[in-house]
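Input: a single structure, listed below in structure tokens.
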Amino acid sequence: MGRFALGLIIGFILAPLAFVGWFHWGHPPVAVADAPLPLERRLTHVALDARIAREAPAAAPMAADESNLVAGAEIYREQCAACHGFHSQPSSFGAHMFPAAPPLWEKHAHGDVVGVSDDPVGETYWKVANGIRLTGMPSFKDVLSDNQMWQVSLLLSVADKPLPPAALALLRSQLPTPPSAPPVNAGPRKQPSR
Ligand code: HEC
């Protein structure tokens, strides 16, 4: 009986207290550069893959023709490039997120896959529409129309193929800085001297 009570105390009181204590006084990973928790990546990916397998549409409702790819490139440039990079120009901060935003116009180290060109288009559409929780990947279903989400997903699915020149030109052009924007790295504003 004594042992049983001891087990209860350890299991129901001490273990949760130790867990809470670790959050307060230990060093749980909260900075981007901290090491991931054990199995963190594997566990989140298993859950994400299972959900996508159940819900992702099997085929796109439109063709990857020139007008859809050019429209997709316009959307990509406005909504995605800051994190995932422009064509031949990596994002300045995408690699410094946790998890990092993968560059979607770079060839994988092995093979000819570019970005997510090896993923079914329905999987990319699912990720664009729903986002990926606890990562910087936003959900775009209230930002873009269904057509637009398909157009940008189709574009990414053919990232390893030659693109229409108009689409490529858009993907290579950084967004212009609005004339009223203050210069980047201007530092804190000085108080006017009296
Ligand atoms: C604020 C930054 C940010 C923006 C903006 C953003 N993403 Fe992402 N995206 C991420 C991050 C971070 C991940 C990695 C998530 C992970 O590791 O699970 C990601 C993952 C993805 C993936 C999965 C990549 C893979 O290897 O499986 C796709 C596809 C994707 N994003 C497409 C897009 C598209 C299309 C847009 C624009 C409509 C977009 N993203 C906008 C941050 C962003």
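Chain labels follow the order of the structure tokens: the first chain is A, the next B, and so on; residue numbering restarts at 1 in every chain, and ligands are counted from 1 in their shown order.
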
Write out as a ChimeraX atom specification which residues come within 10 Å of Asn147 of chain A when counting only C-alpha atoms, dropping same-chain ones fewer than 5 positions away.
-> /A:60-62,68,71-72,152-153

Please, could you write that set of residues out with N, CA, C and O atoms as a short mmCIF file (atom, residue, chain, number, x, y, z; two decimals), in the first residue's frame?
```
data_model
loop_
_atom_site.label_atom_id
_atom_site.label_comp_id
_atom_site.auth_asym_id
_atom_site.auth_seq_id
_atom_site.Cartn_x
_atom_site.Cartn_y
_atom_site.Cartn_z
N ALA A 60 -5.97 19.13 -59.65
CA ALA A 60 -6.29 20.55 -59.72
C ALA A 60 -7.49 20.76 -60.64
O ALA A 60 -7.62 20.06 -61.64
N PRO A 61 -8.36 21.74 -60.33
CA PRO A 61 -9.52 21.98 -61.18
C PRO A 61 -9.20 22.84 -62.40
O PRO A 61 -10.10 23.28 -63.09
N MET A 62 -7.93 23.10 -62.65
CA MET A 62 -7.54 23.93 -63.81
C MET A 62 -6.20 23.43 -64.34
O MET A 62 -5.49 22.70 -63.65
N ASN A 68 -2.55 30.74 -66.13
CA ASN A 68 -2.59 30.38 -64.71
C ASN A 68 -1.21 30.47 -64.07
O ASN A 68 -1.08 30.85 -62.90
N ALA A 71 -0.41 34.17 -63.51
CA ALA A 71 -1.19 34.65 -62.35
C ALA A 71 -0.59 34.09 -61.06
O ALA A 71 -0.47 34.82 -60.05
N GLY A 72 -0.18 32.83 -61.08
CA GLY A 72 0.43 32.22 -59.89
C GLY A 72 1.72 32.94 -59.50
O GLY A 72 2.00 33.15 -58.32
N VAL A 152 -1.21 29.40 -57.61
CA VAL A 152 0.14 29.43 -57.03
C VAL A 152 0.62 28.00 -56.75
O VAL A 152 1.81 27.68 -56.92
N SER A 153 -0.30 27.10 -56.42
CA SER A 153 0.10 25.70 -56.17
C SER A 153 0.54 25.02 -57.47
O SER A 153 1.53 24.27 -57.48
#
```

9 Å shell around ligand 1 using only C-alpha atoms and all ligand atoms, listed as a ChimeraX atom specification = /A:41,44-45,48,72,75-84,94-95,97-104,115-116,119,121,123-129,131-140,143-144,148-149,152-153,155-157

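We find atom CA of Leu175 of chain A and atom CA of Phe86 of chain A to be spaced 9.9 Å apart.
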
For Lys107 of chain A, the nearest of the candidates A:Lys141, A:His27, A:Lys161, A:Arg54, counting only C-alpha atoms = A:Lys161

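If you look at atom CA of Pro90 of chain A and atom CA of His108 of chain A, they are 13.8 Å away from each other.
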